[in-house]
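First the structure, in the form of structure tokens, and then the observations on it.
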Amino acid sequence: MRPSIARVALPVPLDKQFDYVVPPHLFPIIGGRVSVPFGRQTLVGIVTALVNESDFPREQLKPIKAVLDTQPMWPDPLFGLLQWCSQFYQHPLGDTLANAMPTLLRKGKEANFAALREWRLTEIGRNQLMVGFDKRAVQQARLMYRLENEPVSHQTLVEEEFSSATLKAVEKKGWIEMQERQPKIKAWPKHIEADVDKPKLNQEQAVAIASVNSQPGFGCYLLQGVTGSGKTEVYLNMIKPVLDKGRQALVLVPEIGLTPQTINRFKRRFNVPVSVIHSGLNDTERLNAWLSARDKAAGIVIGTRSALLTPFADLGIIIVDEEHDASYKQQDSLRYHARDVAVMRAAKENIPIILGSATPALETLHNALTGKYHHLQLTQRAGLSTPTTNHVLDVKGLYLESGLSAPLIAQMRRHLQAGNQVLLFLNRRGFSPALMCHECGWIADCQRCDAYYTYHQNSHEMRCHHCGSQRPVIHQCQSCGSTHLVTVGVGTEQLENQLAELFPEYKTIRIDRDSTRRKGSLESALTAIRNGEYKILIGTQMLAKGHHFPDVTMVALLDVDGSLYSSDFRAAERFAQLFTQVAGRAGRASKPGEVYLQTHHPEHALLQALLTKDYNHFAQSALAERKLAMLPPYTFLTLLRAEANNSQQVEDFLRQVRHTLESNPIFDDTCLVLGPTPAPLAKRAGKFRWQLLIQTQTRSMMQKWLISARPAINMLPIANKIRWTLDIEPQDLS
């Protein structure tokens, strides 16, 4: 008998599925999309079951409007993984499935390759090439010569920094025209590996590669290699046998900034198509990349967190580079950790997964040390590179010029005069973290958050980096009326200005979220750095990890004292990782590297451990401390956050939630509920924020407790007046 009712998961914040009548002329499939009425809207959902019975009378059920797919959106292992994610991270299934789809598919577009827009020369344009161009029309001439041999996609031209004004001007003259072309799926070449010079492997690299390539099926491997030890070369050698068998590879990187150099390295090495998936793509590019993986048009997919949920025709290996990075944890909607879900996906697909890092997360290292993961180590720097020499600069009592001490400036001058590059790390963008009245001490603060405005001199505005609000720079104190306002603290903009005065003979470049907003600007900046155009590099965390700059021989961390005294139990781990990663940017070629750390607390135990020993020594002692304190990875946490316009209402709600949790039959003396307490940032974007911290001894206990308690929490009288979320195994307690 043909099923007459479809159970549909919809992208709504309700943890339930909805039944719809299947009209006789429609044939939905499990895992496929359907268009259905929902209230006054029409939504696109995923069919999760086809049945003949419903808990509701048949006459109350609405019919499906349209069936959008003839095949499931995801293969069975991935569909099962998404259902597991929904359950484990306590997130509605419909919204979980929507998170795993490109935007165009969520809107109901066909799951087919979108046409590519390209520019090509017209006949008039070819004639103009013969005539030549006005000397003033430099960009127009550059564009014409770029299109001389073949059409180029619109996206590529944008990335190469051809402005829309240039394109329009040249099109208006009739020299170029736009055309649309359907992408073609090319067969993979017989010779997978390109004919390039490969670095010679050392013994540790060879052992790591053999360990993975000789073991069929699932296995989780922690590849712990010191910075500059050649982890990428190991990845390439692990991927080759997978491609030789006609299977695909997925490589996850934490930041968009790391994708250009990773892509180039993989494209130079392999002849198979490489696709990229990250948040910088437009909707059409995202869909095409998603389809390339699903239809096996791509042999390798390189992407950030969201690329993990992409369907593959025949996935053979997963690599998670810089697995410790906090950006692998989604901070809104489906709060999944890409590293942990990647391990689960590899298990479901029965394929190997490699977690690579110089500074593995303590949870990952604990799994390796207890035998849950295979532990592969690379202790030597690859090639001729040597370990860095670490120095600490005690700046107590020293005059600081925009955060720079005289000893540090002297060391910078020494390295620059030797023809090398210097990298300064300051994890604070803008000109200054605050603007203060010199007369009364008033500080310009955001009205919607418990935070101060950051002063951005270049754009002449003040911005809140928490809620995104901005306003023009004020010139008068809002408390006493004084016009004597001063900046407090140092940001990357101020540091850039100061360095231009101190070292006018050396070009300086700043890499942060403000300076790399334009598409393609980050890649251009990194290329210019590698070409030696800039000698002084200023960067936030965007520049701290993964990049290879052969001429950088000095790295300095300017303001780290805030990381040494934090209420977050992960702060020490994050600082140790950051220090090791930033230090790893120095001395990556044959030139010896030096690391300088400015601090008011040179005696601090964490600094001494990192300067005199290594990350492994820190990690062992940190794990011992965590065990004594019963913190992860020895226990498991969930953070329940709640926010509303009324602070008292939020606190009352969380007190009721705590009572509900503690009166649950599953609750015992191994369970703990802490709070309610105000969040570290107690007010954000106009909402008052409170939180509860829930702790258990095992993951399974946490799951059972939350699953049984959630219906009761949803039934609390004020639950629908409060916005509340669960963050399973949170990485950020703020």
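Ligands are numbered from 1 in the order shown, residues from 1 within each chain, and chains are lettered A, B, ... in the order they appear in the structure tokens.
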Problem - All strand (DSSP E or B) residues (DSSP, backbone) inside range 565-706 of chain A, as a PyMOL selection string - result: chain A and resi 594-599+636-644+672-684+687-696
Exercise for the section: Name all residues at most 9 Å from Thr232 in chain A (count only C-alpha atoms; drop same-chain ones fewer than 5 positions away) and give them as a count of residues only. Expected result: 4
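Taking CA of Ala528 in chain A and CA of Ile509 in chain A as endpoints, the distance between them is 9.5 Å.
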Handout entry: Gap from CA of Asp394 in chain A to CA of Gln598 in chain A - Å, one decimal
Key =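 Taking CA of Asp394 in chain A and CA of Gln598 in chain A, their separation equals 6.2 Å.
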Handout entry: CA of Val242 in chain A to CA of Gly316 in chain A, distance in Å rounded to a single decimal
Key = 5.9 Å
Exercise for the section: Tell me, as a VMD selection string, which residues lie within 8 Å of range 406-421 of chain A, counting only C-alpha atoms; anything in the same chain fewer than 4 positions away does not count. Expected result: chain A and resid 393 398 to 400 532 534 to 537 551 to 554 596
Exercise for the section: Using only C-alpha atoms, find the one residue out of A:Ala576, A:Leu334, A:Ala208, A:Leu426 that sits nearest to Lys613 in chain A. Expected result: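 Of all the options, A:Ala576 lies closest to Lys613 in chain A.
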Handout entry: All residues 12 Å or closer to Asn646 in chain A, only C-alpha atoms, same chain fewer than 5 positions away omitted, as a PyMOL selection string
Key = chain A and resi 651-653+682-683+686-690+718+721-723
Exercise for the section: Name the closest residue to Tyr615 in chain A among the candidates A:Thr103, A:Gln224, A:Ser566, A:Thr359; distances are taken between atoms, counting only C-alpha atoms. Expected result: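 Once distances to Tyr615 in chain A are computed over only C-alpha atoms, the minimum belongs to A:Thr359.
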Problem - Distance query Met702 in chain A at most 8 Å, only C-alpha atoms, self and fewer than 5 positions along chain excluded, as JSON, numbers by chain - result: {"A": [636, 695, 696]}
Practice task
Could you check which of A:Pro550, A:Ile538, A:Ser432, A:Leu291 is closest to Lys591 in chain A, using only C-alpha atoms?
Solution key: A:Pro550
Practice task
Rank A:Lys186, A:Arg517, A:Arg142, A:Arg339 by their smallest atom-to-atom distance to Glu363 in chain A, using only C-alpha atoms, and report the top residue only.
Solution key: A:Arg339
Practice task
Just the helix (DSSP H, G or I) stuff from range 476-625 of chain A, please, per backbone DSSP, written as a PyMOL selection string.
Solution key: chain A and resi 492-502+521-530+541-543+561-564+571-583+605-612+615-625
Exercise for the section: Write out as a PyMOL selection string each polymer residue whose atoms come within 9 Å of Asp445 in chain A, counting only C-alpha atoms; drop sequence neighbours fewer than 6 positions from it. Expected result: chain A and resi 434-435+451-454+464
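Of the listed residues A:Arg33, A:Arg574, A:Gln261, A:Leu236, the one whose atoms come nearest to Leu526 in chain A is A:Gln261, with distances taken using only C-alpha atoms.
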Can you check which parts of range 340-404 of chain A lie within 8 Å of range 485-508 of chain A? Per residue, the shortest pair of atoms and distance in Å to one decimal, counting only C-alpha atoms, sorted by chain and number, as a tab-separated table.
```
residue	atom	partner	partner_atom	distance
A:Glu401	CA	A:Gln498	CA	7.5
A:Ser402	CA	A:Leu495	CA	5.8
A:Gly403	CA	A:Val490	CA	6.3
```
